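*Asks:* Have a look at the structure that comes next, please.
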Amino acid sequence: MKRMLFNATHPEELRVCIVDSQQLIDMDLESSAREQRKSNIYKGIITRVEPSLEACFVDYGEERHGFLPFKEISKAYFNEGVDYRTATIKEAVSEGMELIVQVEKEERPSRRKRLSKEVAHESKVDRFEVKFLDIDLNNHVNNTIY
């Protein structure tokens with residue numbers, strides 16, 4: 001059974017953990033001392049493609065670039081003429097390419113921020129809901145803001 005645990009004993013820090021049968025699934029720390037970037041949407045530029053990692057690094061305005069796995073890259077961003085079923089990351093994208101990404105996980109000391117091309121659908125009252133559909137699915141982009 002999944003459970004969400006909150007620890008807000010200190011006013012300057014909030015800790016949220018998701019636990020499934022005594023196993024830690026995810027942990028999130030929010031501190032008033034630093035700005036939270038998780039769930040923010042950015043326009044980024046691919047700065048480095050790493051075939052050995054099957055990922056690329058994206059400059060989205062922060063000091064350290066974000067990490068974007070190949071499976072998270074929308075087929076709409078692939079280079080022209082590339083078959084998405086058999087493509088490798090080196091064939092599909094190139095350095096200097098612009099794309100829209102969302103911060104999926106905050107940066108940790110040994111890890112960069114993890115990015116996603118999937119823009120989450122927030123259901124909180126104080127957030128905007130933004131939907132992005134792949135262009136190749138319906139031949140159009142659908143943006144909805146509530």
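Residues in the structure tokens are named by chain (A, B, ... in the order shown) and by number from 1 within that chain; ligands are numbered from 1 in the order shown.
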Just the residues within 10 Å of Gln22 in chain A, please, counting only C-alpha atoms, with nothing from its chain fewer than 5 positions along; format it as a PyMOL selection string.
*Replies:* chain A and resi 1-3
*Asks:* With N, CA and C atoms retained, could you export that selection as a PDB file, in the first residue's frame?
*Replies:*
ATOM      1  N   MET A   1       0.829  -1.166   0.000  1.00  0.00           N
ATOM      2  CA  MET A   1       0.000   0.000   0.000  1.00  0.00           C
ATOM      3  C   MET A   1       0.886   1.246   0.000  1.00  0.00           C
ATOM      4  N   LYS A   2       0.621   2.159  -0.929  1.00  0.00           N
ATOM      5  CA  LYS A   2       1.399   3.390  -1.008  1.00  0.00           C
ATOM      6  C   LYS A   2       0.905   4.392   0.026  1.00  0.00           C
ATOM      7  N   ARG A   3       1.857   5.066   0.650  1.00  0.00           N
ATOM      8  CA  ARG A   3       1.539   6.109   1.619  1.00  0.00           C
ATOM      9  C   ARG A   3       2.420   7.323   1.363  1.00  0.00           C
TER      10      ARG A   3
END
*Asks:* Using only C-alpha atoms, which residues sit within 9 Å of range 56-58 of chain A once same-chain residues fewer than 6 positions away are excluded, as number ranges by chain?
*Replies:* A: 44-50, 65-70, 89, 93, 95, 98-99, 101, 115
*Asks:* Could those selected residues go to a file with N, CA and C atoms, as a PDB file, in the first residue's frame?
*Replies:*
ATOM      1  N   GLY A  44      14.510  24.930 -23.532  1.00  0.00           N
ATOM      2  CA  GLY A  44      15.917  24.578 -23.393  1.00  0.00           C
ATOM      3  C   GLY A  44      16.586  24.320 -24.725  1.00  0.00           C
ATOM      4  N   ILE A  45      17.921  24.218 -24.668  1.00  0.00           N
ATOM      5  CA  ILE A  45      18.738  23.929 -25.851  1.00  0.00           C
ATOM      6  C   ILE A  45      19.624  22.729 -25.526  1.00  0.00           C
ATOM      7  N   ILE A  46      19.625  21.742 -26.395  1.00  0.00           N
ATOM      8  CA  ILE A  46      20.481  20.567 -26.204  1.00  0.00           C
ATOM      9  C   ILE A  46      21.933  20.997 -26.372  1.00  0.00           C
ATOM     10  N   THR A  47      22.737  20.758 -25.335  1.00  0.00           N
ATOM     11  CA  THR A  47      24.145  21.153 -25.384  1.00  0.00           C
ATOM     12  C   THR A  47      25.084  19.976 -25.620  1.00  0.00           C
ATOM     13  N   ARG A  48      24.653  18.775 -25.228  1.00  0.00           N
ATOM     14  CA  ARG A  48      25.512  17.607 -25.410  1.00  0.00           C
ATOM     15  C   ARG A  48      24.658  16.360 -25.541  1.00  0.00           C
ATOM     16  N   VAL A  49      24.999  15.515 -26.496  1.00  0.00           N
ATOM     17  CA  VAL A  49      24.308  14.241 -26.698  1.00  0.00           C
ATOM     18  C   VAL A  49      25.267  13.133 -26.267  1.00  0.00           C
ATOM     19  N   GLU A  50      24.808  12.257 -25.380  1.00  0.00           N
ATOM     20  CA  GLU A  50      25.632  11.169 -24.858  1.00  0.00           C
ATOM     21  C   GLU A  50      25.040   9.818 -25.258  1.00  0.00           C
ATOM     22  N   HIS A  65      23.419  22.006 -16.330  1.00  0.00           N
ATOM     23  CA  HIS A  65      22.429  21.597 -17.332  1.00  0.00           C
ATOM     24  C   HIS A  65      21.633  20.404 -16.828  1.00  0.00           C
ATOM     25  N   GLY A  66      20.410  20.267 -17.331  1.00  0.00           N
ATOM     26  CA  GLY A  66      19.535  19.162 -16.946  1.00  0.00           C
ATOM     27  C   GLY A  66      19.795  17.918 -17.766  1.00  0.00           C
ATOM     28  N   PHE A  67      19.382  16.783 -17.232  1.00  0.00           N
ATOM     29  CA  PHE A  67      19.562  15.468 -17.841  1.00  0.00           C
ATOM     30  C   PHE A  67      18.239  15.032 -18.452  1.00  0.00           C
ATOM     31  N   LEU A  68      18.248  14.739 -19.758  1.00  0.00           N
ATOM     32  CA  LEU A  68      17.030  14.327 -20.466  1.00  0.00           C
ATOM     33  C   LEU A  68      17.256  12.971 -21.133  1.00  0.00           C
ATOM     34  N   PRO A  69      16.624  11.895 -20.608  1.00  0.00           N
ATOM     35  CA  PRO A  69      16.774  10.567 -21.218  1.00  0.00           C
ATOM     36  C   PRO A  69      16.129  10.518 -22.605  1.00  0.00           C
ATOM     37  N   PHE A  70      16.645   9.675 -23.472  1.00  0.00           N
ATOM     38  CA  PHE A  70      16.162   9.541 -24.845  1.00  0.00           C
ATOM     39  C   PHE A  70      14.685   9.178 -24.893  1.00  0.00           C
ATOM     40  N   ILE A  89      19.750   7.968 -30.232  1.00  0.00           N
ATOM     41  CA  ILE A  89      19.713   9.368 -29.812  1.00  0.00           C
ATOM     42  C   ILE A  89      20.597  10.242 -30.693  1.00  0.00           C
ATOM     43  N   VAL A  93      18.362  13.464 -32.403  1.00  0.00           N
ATOM     44  CA  VAL A  93      18.520  14.866 -31.991  1.00  0.00           C
ATOM     45  C   VAL A  93      19.959  15.315 -32.207  1.00  0.00           C
ATOM     46  N   GLU A  95      22.932  18.672 -31.197  1.00  0.00           N
ATOM     47  CA  GLU A  95      23.270  19.808 -30.341  1.00  0.00           C
ATOM     48  C   GLU A  95      22.739  21.097 -30.958  1.00  0.00           C
ATOM     49  N   GLU A  98      16.337  23.219 -30.025  1.00  0.00           N
ATOM     50  CA  GLU A  98      15.521  23.797 -28.965  1.00  0.00           C
ATOM     51  C   GLU A  98      14.326  22.895 -28.682  1.00  0.00           C
ATOM     52  N   LEU A  99      13.944  22.779 -27.399  1.00  0.00           N
ATOM     53  CA  LEU A  99      12.797  21.984 -27.015  1.00  0.00           C
ATOM     54  C   LEU A  99      12.224  22.474 -25.689  1.00  0.00           C
ATOM     55  N   VAL A 101      10.900  21.567 -21.961  1.00  0.00           N
ATOM     56  CA  VAL A 101      11.084  20.514 -20.968  1.00  0.00           C
ATOM     57  C   VAL A 101      10.485  20.955 -19.637  1.00  0.00           C
ATOM     58  N   LEU A 115      14.985  16.039 -16.370  1.00  0.00           N
ATOM     59  CA  LEU A 115      13.991  16.738 -17.162  1.00  0.00           C
ATOM     60  C   LEU A 115      13.076  15.748 -17.859  1.00  0.00           C
TER      61      LEU A 115
END
*Asks:* Counting only C-alpha atoms, which of A:Thr9, A:Ile73, A:Phe78, A:Met4 gets nearest to Ala55 in chain A?
*Replies:*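 Closest residue, counting only C-alpha atoms: A:Ile73.
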*Asks:* Compare A:Tyr60, A:Phe6, A:Tyr84, A:Tyr77 by their minimum atom-to-atom distance to Arg114 in chain A, counting only C-alpha atoms, and give me the closest one.
*Replies:* A:Tyr60
*Asks:* Could you tell me how far CA of Lys38 in chain A sits from CA of Glu91 in chain A, in Å to one decimal place?
*Replies:* 29.3 Å
*Asks:* Quick one: of A:Arg34, A:Ile25, A:Ile100, A:Glu63, who's nearest to Ala76 in chain A, counting only C-alpha atoms?
*Replies:*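 Among the listed residues, A:Ile100 lies closest to Ala76 in chain A.
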*Asks:* Let me make sure I understand: among A:Leu14, A:Val103, A:Met27, A:Leu5, which one has the smallest atom-to-atom distance to Asn40 in chain A if we use only C-alpha atoms?
*Replies:*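 Selected residue with least distance to Asn40 in chain A: A:Val103.
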*Asks:* So what do you get for CA of Asp59 in chain A versus CA of Glu13 in chain A, distance-wise?
*Replies:* 28.0 Å
